[in-house]
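Right, one structure below, let's go through it.
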Amino acid sequence: MPLPWSRTLLASAVALALAGTSAVATAATSGEDGVRTSVHTAGRVKDGGDVLRYSWPGVYFEGRIRGTGVGVVLDDPAADYDDVQVDGATVATLVTPGKTTHWVEGLRDGVHTVRLVKRNDTPWSTSAFGGFVAAPGGAVLARPAARGRQIEFIGDSLTAGYGNLSTSRDCDGEQVKRTTDADAGYGALTARRLRADYQINAYSGLGMVRNYNGGTPEVTYRAFYDRALLNVPGDVWRNPGTWRPGLVVVHLGTNDFSTPLNPGEPWTDETLAAAYRGAYGAFVQKLRTRYGPRTTILAVGAGPFAGHVAQVVQERTDAGDRRVRYWRLDDTGMDYTGCHWHYSARDHRLLADRLTSFVADLPIRW
């Protein structure tokens, strides 16, 4: 069923109207060198020594403990849904956990992997993670090794997993928060199938040059891309030197074109398309400059913006950059039954299947 572009992302702009940082005091794992010594993460985080602060959806933290219990140290004032996973299974979903240490007890005495993942999209607030702590008699072990592959996903609410667990397209704000799960989105699924670490740098409601229904025209996705903390103006993410993705997937354009132009917007259909192509080309060049010639950039085309993306990719190819590739999103069989006509969990699985297959045939230099 084709996506009804005039209705998609109906509530994605809600986040734009919402407007906080906080910190955990201490964590038993921090030690002299901070939380990072005992935790593996590939997401965009701000290292505060005894805490790691974060904003983007899908940020995850992985650790290892020995013993019968593990505590997760958090200060998360946002309307977050955070999953705690032990040995690959979700054992708790924390709802707006606040400042707390959440304990998982009664584990078999032995070595366990533990993972915390931010499920939803709360760009108006900053969360803080203070590490994992072991129950009495146990110990926090060396952090898990980084995976040999890295993928960065850039997008909007479709990439954030907006409302993907919903059983209805009609959702209020609370339902959107409850049913959004970036960890069940096509990005995280694809990365796991390819055994890759990943970032999901997605922001609901934003476009390349035009946001959903023309909202908040003073900013676009590009204004936030460089940040670690989305609600901190001027913040810049500092790559610790370990983030060198072999693949960057760009899926931006739905918000630019999904609604008709409103009276007073500074566009015609033709000038909007031209501005989109120009900004897209400049954004691809920014990625190329940042990550170098070895990284493959995969530009996703869908609906009314597919031809524009294909044109940008062709221009890059003609200029000699053959590591910019085009992927026409195949939505055959998708039902769009997530909140407000977004991808459902089933749709995300279908997309992950198709994207994994496509990527597997690319000559990526992992």
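Scheme for the structure tokens: letters A, B, ... for chains in order shown; per-chain residue numbers from 1; ligand numbers from 1 in order shown.
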Need to verify the contact set: Thr41 in chain A, 7 Å, only C-alpha atoms, exclusion of same-chain residues closer than 6 positions in sequence. Can you return it as JSON, numbers by chain? {"A": [60, 61, 62]}
DSSP says strand (DSSP E) for which residues of range 162-336 of chain A? Put them as a list of chain:residue names?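 Selecting the strand (DSSP E) positions of range 162-336 of chain A gives A:Ala196, A:Asp197, A:Tyr198, A:Gln199, A:Ile200, A:Asn201, A:Ala202, A:Leu247, A:Val248, A:Val249, A:Val250, A:His251, A:Thr296, A:Ile297, A:Leu298, A:Ala299, A:Val300, A:Gly301, A:Val324, A:Arg325, A:Tyr326, A:Trp327, A:Arg328.
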Counting only C-alpha atoms, which of A:Thr126, A:Thr159, A:Thr216, A:Gln199 gets nearest to Ser55 in chain A?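 Looking only at the distances to Ser55 in chain A, the closest residue turns out to be A:Thr126.
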Using only C-alpha atoms, find each residue in range 114-166 of chain A having at least one atom no more than 12 Å away from range 93-104 of chain A; report its shortest atom-to-atom pair and that distance in Å (one decimal), rows by chain then rising number, as JSON lines.
{"residue": "A:Val114", "atom": "CA", "partner": "A:Val104", "partner_atom": "CA", "distance": 9.9}
{"residue": "A:Arg115", "atom": "CA", "partner": "A:Val104", "partner_atom": "CA", "distance": 11.8}
{"residue": "A:Leu116", "atom": "CA", "partner": "A:Thr93", "partner_atom": "CA", "distance": 9.6}
{"residue": "A:Val117", "atom": "CA", "partner": "A:Thr93", "partner_atom": "CA", "distance": 9.6}
{"residue": "A:Lys118", "atom": "CA", "partner": "A:Leu94", "partner_atom": "CA", "distance": 9.6}
{"residue": "A:Arg119", "atom": "CA", "partner": "A:Thr93", "partner_atom": "CA", "distance": 9.3}
{"residue": "A:Asn120", "atom": "CA", "partner": "A:Val95", "partner_atom": "CA", "distance": 10.7}
{"residue": "A:Thr122", "atom": "CA", "partner": "A:Thr96", "partner_atom": "CA", "distance": 11.1}
{"residue": "A:Ser125", "atom": "CA", "partner": "A:Thr96", "partner_atom": "CA", "distance": 11.5}
{"residue": "A:Thr126", "atom": "CA", "partner": "A:Gly98", "partner_atom": "CA", "distance": 11.4}
{"residue": "A:Ser127", "atom": "CA", "partner": "A:Gly98", "partner_atom": "CA", "distance": 9.0}
{"residue": "A:Ala128", "atom": "CA", "partner": "A:Lys99", "partner_atom": "CA", "distance": 9.0}
{"residue": "A:Phe129", "atom": "CA", "partner": "A:Lys99", "partner_atom": "CA", "distance": 9.7}
{"residue": "A:Gly130", "atom": "CA", "partner": "A:Thr101", "partner_atom": "CA", "distance": 9.0}
{"residue": "A:Gly131", "atom": "CA", "partner": "A:Thr101", "partner_atom": "CA", "distance": 9.6}
{"residue": "A:Phe132", "atom": "CA", "partner": "A:Thr101", "partner_atom": "CA", "distance": 8.9}
{"residue": "A:Val133", "atom": "CA", "partner": "A:Thr101", "partner_atom": "CA", "distance": 8.8}
{"residue": "A:Ala134", "atom": "CA", "partner": "A:Trp103", "partner_atom": "CA", "distance": 9.2}
{"residue": "A:Ala135", "atom": "CA", "partner": "A:Trp103", "partner_atom": "CA", "distance": 8.4}
{"residue": "A:Pro136", "atom": "CA", "partner": "A:Trp103", "partner_atom": "CA", "distance": 11.8}
Go ahead and save the residues from that selection, with all heavy atoms, as a compact mmCIF listing (two decimals), in the first residue's frame.
# COMPACT_ATOMS: atom_id res chain seq x y z
N VAL A 114 24.82 -6.94 30.18
CA VAL A 114 23.70 -6.06 30.49
C VAL A 114 23.73 -4.89 29.50
O VAL A 114 24.80 -4.42 29.10
CB VAL A 114 23.77 -5.56 31.95
CG1 VAL A 114 25.07 -4.83 32.23
CG2 VAL A 114 22.56 -4.68 32.29
N ARG A 115 22.54 -4.47 29.12
CA ARG A 115 22.42 -3.42 28.10
C ARG A 115 21.28 -2.49 28.47
O ARG A 115 20.20 -2.93 28.85
CB ARG A 115 22.16 -4.05 26.74
CG ARG A 115 22.07 -3.09 25.55
CD ARG A 115 21.93 -3.91 24.26
NE ARG A 115 22.00 -3.10 23.06
CZ ARG A 115 20.93 -2.68 22.36
NH1 ARG A 115 19.71 -3.02 22.78
NH2 ARG A 115 21.08 -1.98 21.27
N LEU A 116 21.54 -1.19 28.39
CA LEU A 116 20.52 -0.17 28.54
C LEU A 116 20.35 0.53 27.21
O LEU A 116 21.34 0.93 26.59
CB LEU A 116 20.92 0.85 29.61
CG LEU A 116 19.98 2.05 29.76
CD1 LEU A 116 18.70 1.65 30.50
CD2 LEU A 116 20.68 3.21 30.49
N VAL A 117 19.11 0.69 26.74
CA VAL A 117 18.89 1.36 25.46
C VAL A 117 17.74 2.36 25.59
O VAL A 117 16.71 2.08 26.20
CB VAL A 117 18.60 0.33 24.34
CG1 VAL A 117 17.38 -0.53 24.66
CG2 VAL A 117 18.42 1.03 22.99
N LYS A 118 17.95 3.54 25.05
CA LYS A 118 16.92 4.59 25.02
C LYS A 118 15.99 4.32 23.85
O LYS A 118 16.41 4.36 22.69
CB LYS A 118 17.60 5.95 24.86
CG LYS A 118 16.65 7.14 24.70
CD LYS A 118 17.46 8.43 24.56
CE LYS A 118 16.62 9.59 24.06
NZ LYS A 118 15.56 10.00 25.00
N ARG A 119 14.73 4.05 24.16
CA ARG A 119 13.80 3.66 23.12
C ARG A 119 13.27 4.82 22.29
O ARG A 119 13.09 4.69 21.08
CB ARG A 119 12.60 2.92 23.74
CG ARG A 119 12.90 1.50 24.10
CD ARG A 119 11.76 0.82 24.84
NE ARG A 119 10.42 1.17 24.34
CZ ARG A 119 9.34 0.44 24.58
NH1 ARG A 119 9.45 -0.68 25.28
NH2 ARG A 119 8.17 0.81 24.12
N ASN A 120 12.98 5.94 22.95
CA ASN A 120 12.19 6.94 22.22
C ASN A 120 12.94 8.23 21.98
O ASN A 120 14.13 8.36 22.23
CB ASN A 120 10.83 7.15 22.90
CG ASN A 120 10.94 7.59 24.34
OD1 ASN A 120 12.02 7.61 24.91
ND2 ASN A 120 9.82 7.96 24.93
N THR A 122 13.26 12.07 22.55
CA THR A 122 12.97 13.18 23.46
C THR A 122 14.04 14.25 23.31
O THR A 122 14.86 14.46 24.22
CB THR A 122 12.90 12.69 24.92
OG1 THR A 122 14.12 12.02 25.26
CG2 THR A 122 11.75 11.72 25.12
N SER A 125 15.22 17.18 26.02
CA SER A 125 15.79 16.91 27.34
C SER A 125 17.06 16.08 27.21
O SER A 125 17.26 15.38 26.21
CB SER A 125 14.77 16.18 28.21
OG SER A 125 15.27 16.02 29.52
N THR A 126 17.89 16.16 28.23
CA THR A 126 19.13 15.38 28.29
C THR A 126 19.02 14.34 29.40
O THR A 126 18.55 14.64 30.49
CB THR A 126 20.33 16.29 28.55
OG1 THR A 126 20.53 17.14 27.42
CG2 THR A 126 21.60 15.49 28.79
N SER A 127 19.46 13.14 29.11
CA SER A 127 19.51 12.06 30.09
C SER A 127 20.96 11.83 30.50
O SER A 127 21.88 12.20 29.78
CB SER A 127 18.91 10.78 29.51
OG SER A 127 17.58 11.00 29.07
N ALA A 128 21.15 11.18 31.65
CA ALA A 128 22.50 10.88 32.13
C ALA A 128 22.55 9.45 32.65
O ALA A 128 21.66 9.01 33.37
CB ALA A 128 22.93 11.86 33.21
N PHE A 129 23.60 8.76 32.29
CA PHE A 129 23.82 7.36 32.68
C PHE A 129 25.08 7.30 33.51
O PHE A 129 26.14 7.79 33.12
CB PHE A 129 23.95 6.50 31.42
CG PHE A 129 24.41 5.09 31.66
CD1 PHE A 129 23.60 4.19 32.34
CD2 PHE A 129 25.65 4.66 31.19
CE1 PHE A 129 24.02 2.89 32.55
CE2 PHE A 129 26.07 3.36 31.40
CZ PHE A 129 25.26 2.47 32.08
N GLY A 130 24.95 6.68 34.69
CA GLY A 130 26.08 6.62 35.61
C GLY A 130 26.75 5.27 35.71
O GLY A 130 27.54 5.04 36.63
N GLY A 131 26.45 4.37 34.79
CA GLY A 131 27.14 3.10 34.75
C GLY A 131 26.33 1.95 35.35
O GLY A 131 25.22 2.12 35.84
N PHE A 132 26.91 0.77 35.29
CA PHE A 132 26.34 -0.43 35.89
C PHE A 132 27.09 -0.73 37.19
O PHE A 132 28.30 -0.51 37.29
CB PHE A 132 26.46 -1.62 34.95
CG PHE A 132 25.78 -1.43 33.62
CD1 PHE A 132 26.51 -1.40 32.44
CD2 PHE A 132 24.40 -1.27 33.55
CE1 PHE A 132 25.88 -1.22 31.21
CE2 PHE A 132 23.76 -1.09 32.33
CZ PHE A 132 24.50 -1.06 31.16
N VAL A 133 26.36 -1.21 38.19
CA VAL A 133 26.97 -1.62 39.45
C VAL A 133 26.54 -3.05 39.75
O VAL A 133 25.44 -3.47 39.38
CB VAL A 133 26.57 -0.69 40.61
CG1 VAL A 133 27.19 0.68 40.42
CG2 VAL A 133 25.06 -0.57 40.74
N ALA A 134 27.43 -3.79 40.39
CA ALA A 134 27.14 -5.19 40.72
C ALA A 134 26.54 -5.29 42.11
O ALA A 134 26.83 -4.49 43.00
CB ALA A 134 28.41 -6.02 40.64
N ALA A 135 25.71 -6.30 42.30
CA ALA A 135 25.14 -6.58 43.61
C ALA A 135 26.26 -7.00 44.56
O ALA A 135 27.35 -7.43 44.12
CB ALA A 135 24.10 -7.69 43.50
N PRO A 136 26.05 -6.89 45.88
CA PRO A 136 27.08 -7.30 46.85
C PRO A 136 27.61 -8.71 46.56
O PRO A 136 26.84 -9.63 46.29
CB PRO A 136 26.34 -7.24 48.18
CG PRO A 136 25.30 -6.18 47.97
CD PRO A 136 24.85 -6.35 46.55
Could you pull the residues within 7 Å of His112 in chain A, counting only C-alpha atoms, minus those fewer than 5 positions along the same chain, as a PyMOL selection string? chain A and resi 64-66+86-87
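CA of Val45 in chain A lies 9.8 Å from CA of Pro240 in chain A.
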Alpha helix (DSSP H) per DSSP on the backbone: members of range 106-269 of chain A, as a compact mmCIF listing (two decimals) with C-alpha atoms, in the first residue's frame:
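Output (out13.txt):
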# COMPACT_ATOMS: atom_id res chain seq x y z
CA SER A 157 10.64 9.96 12.86
CA LEU A 158 10.58 7.04 10.42
CA THR A 159 14.16 6.27 11.43
CA ALA A 160 13.48 6.96 15.12
CA GLY A 173 1.13 12.06 22.81
CA GLU A 174 1.36 9.50 25.59
CA GLN A 175 0.70 6.64 23.19
CA VAL A 176 3.43 7.91 20.88
CA LYS A 177 5.94 7.92 23.75
CA ARG A 178 4.87 4.48 24.91
CA THR A 179 4.93 2.86 21.46
CA TYR A 186 14.96 -0.79 10.83
CA GLY A 187 18.30 0.80 11.74
CA ALA A 188 18.93 -1.19 14.90
CA LEU A 189 17.60 -4.38 13.27
CA THR A 190 19.83 -3.96 10.22
CA ALA A 191 22.88 -3.25 12.35
CA ARG A 192 22.31 -6.34 14.49
CA ARG A 193 21.92 -8.52 11.41
CA TYR A 221 17.64 18.70 10.73
CA ARG A 222 20.98 20.10 9.63
CA ALA A 223 20.94 22.54 12.58
CA PHE A 224 21.03 19.63 15.03
CA THR A 254 9.63 12.85 4.00
CA ASN A 255 8.97 15.99 6.05
CA ASP A 256 10.17 18.25 3.23
CA PHE A 257 7.55 16.95 0.81
CA ASP A 269 7.27 23.40 -5.66
Quick one: everything within 12 Å of range 360-362 of chain A, counting only C-alpha atoms, minus sequence neighbours fewer than 5 positions away in the same chain. Send it as a PDB file with N, CA and C atoms, in the first residue's frame.
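Contents of the output file part01.pdb:
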ATOM      1  N   THR A 190      18.834  -3.753  11.273  1.00  0.00           N
ATOM      2  CA  THR A 190      19.831  -3.955  10.218  1.00  0.00           C
ATOM      3  C   THR A 190      21.229  -4.083  10.805  1.00  0.00           C
ATOM      4  N   ALA A 191      21.558  -3.204  11.748  1.00  0.00           N
ATOM      5  CA  ALA A 191      22.884  -3.248  12.351  1.00  0.00           C
ATOM      6  C   ALA A 191      23.125  -4.573  13.061  1.00  0.00           C
ATOM      7  N   ARG A 193      21.766  -7.446  12.404  1.00  0.00           N
ATOM      8  CA  ARG A 193      21.923  -8.519  11.412  1.00  0.00           C
ATOM      9  C   ARG A 193      23.288  -8.487  10.748  1.00  0.00           C
ATOM     10  N   LEU A 194      23.868  -7.297  10.669  1.00  0.00           N
ATOM     11  CA  LEU A 194      25.198  -7.156  10.080  1.00  0.00           C
ATOM     12  C   LEU A 194      26.299  -7.153  11.140  1.00  0.00           C
ATOM     13  N   ARG A 195      25.920  -7.407  12.409  1.00  0.00           N
ATOM     14  CA  ARG A 195      26.869  -7.459  13.530  1.00  0.00           C
ATOM     15  C   ARG A 195      27.690  -6.168  13.594  1.00  0.00           C
ATOM     16  N   GLY A 246      31.704   2.510   8.446  1.00  0.00           N
ATOM     17  CA  GLY A 246      31.896   2.057   7.071  1.00  0.00           C
ATOM     18  C   GLY A 246      30.713   2.407   6.199  1.00  0.00           C
ATOM     19  N   LEU A 247      29.548   2.639   6.837  1.00  0.00           N
ATOM     20  CA  LEU A 247      28.320   2.936   6.110  1.00  0.00           C
ATOM     21  C   LEU A 247      27.543   4.021   6.838  1.00  0.00           C
ATOM     22  N   THR A 295      34.311   5.641   3.497  1.00  0.00           N
ATOM     23  CA  THR A 295      32.948   5.430   3.975  1.00  0.00           C
ATOM     24  C   THR A 295      31.958   5.416   2.816  1.00  0.00           C
ATOM     25  N   THR A 296      31.081   4.437   2.817  1.00  0.00           N
ATOM     26  CA  THR A 296      29.995   4.384   1.839  1.00  0.00           C
ATOM     27  C   THR A 296      28.803   5.164   2.389  1.00  0.00           C
ATOM     28  N   ILE A 297      28.264   6.067   1.588  1.00  0.00           N
ATOM     29  CA  ILE A 297      27.093   6.847   1.957  1.00  0.00           C
ATOM     30  C   ILE A 297      25.923   6.336   1.123  1.00  0.00           C
ATOM     31  N   LEU A 298      24.891   5.866   1.805  1.00  0.00           N
ATOM     32  CA  LEU A 298      23.727   5.300   1.127  1.00  0.00           C
ATOM     33  C   LEU A 298      22.567   6.278   1.256  1.00  0.00           C
ATOM     34  N   ARG A 322      32.260   7.402  -6.136  1.00  0.00           N
ATOM     35  CA  ARG A 322      31.482   6.188  -6.382  1.00  0.00           C
ATOM     36  C   ARG A 322      31.089   5.467  -5.093  1.00  0.00           C
ATOM     37  N   ARG A 323      31.398   6.063  -3.969  1.00  0.00           N
ATOM     38  CA  ARG A 323      30.965   5.483  -2.699  1.00  0.00           C
ATOM     39  C   ARG A 323      29.730   6.192  -2.141  1.00  0.00           C
ATOM     40  N   VAL A 324      29.062   6.960  -2.973  1.00  0.00           N
ATOM     41  CA  VAL A 324      27.724   7.433  -2.659  1.00  0.00           C
ATOM     42  C   VAL A 324      26.767   6.606  -3.503  1.00  0.00           C
ATOM     43  N   ARG A 325      25.909   5.859  -2.853  1.00  0.00           N
ATOM     44  CA  ARG A 325      24.997   4.942  -3.541  1.00  0.00           C
ATOM     45  C   ARG A 325      23.544   5.341  -3.286  1.00  0.00           C
ATOM     46  N   TYR A 326      22.688   4.920  -4.197  1.00  0.00           N
ATOM     47  CA  TYR A 326      21.253   5.210  -4.100  1.00  0.00           C
ATOM     48  C   TYR A 326      20.499   3.929  -3.793  1.00  0.00           C
ATOM     49  N   TRP A 327      19.544   4.029  -2.861  1.00  0.00           N
ATOM     50  CA  TRP A 327      18.663   2.901  -2.561  1.00  0.00           C
ATOM     51  C   TRP A 327      17.228   3.372  -2.620  1.00  0.00           C
ATOM     52  N   ALA A 352      14.314  -3.771   7.230  1.00  0.00           N
ATOM     53  CA  ALA A 352      15.611  -4.292   7.665  1.00  0.00           C
ATOM     54  C   ALA A 352      16.025  -5.475   6.792  1.00  0.00           C
ATOM     55  N   ASP A 353      15.086  -6.329   6.447  1.00  0.00           N
ATOM     56  CA  ASP A 353      15.390  -7.444   5.551  1.00  0.00           C
ATOM     57  C   ASP A 353      15.919  -6.926   4.220  1.00  0.00           C
ATOM     58  N   ARG A 354      15.219  -5.963   3.651  1.00  0.00           N
ATOM     59  CA  ARG A 354      15.578  -5.461   2.321  1.00  0.00           C
ATOM     60  C   ARG A 354      16.864  -4.648   2.357  1.00  0.00           C
ATOM     61  N   LEU A 355      17.028  -3.843   3.407  1.00  0.00           N
ATOM     62  CA  LEU A 355      18.251  -3.052   3.503  1.00  0.00           C
ATOM     63  C   LEU A 355      19.454  -3.937   3.765  1.00  0.00           C
TER      64      LEU A 355
END
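In this structure, CA of Gly163 in chain A sits 14.0 Å away from CA of Gly58 in chain A.
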Restricting the calculation to only C-alpha atoms: of A:Pro293, A:Pro363, A:Pro77, A:Leu272, which residue gets closest to Gly320 in chain A? A:Pro293
Find the distance between CA of Thr180 in chain A and CA of Trp124 in chain A and write it in Å to one decimal.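 Those two atoms sit 15.9 Å apart.
With distances restricted to only C-alpha atoms, A:Val59 is the closest residue to Arg44 in chain A from A:Val300, A:Val111, A:Val59, A:Ile154.
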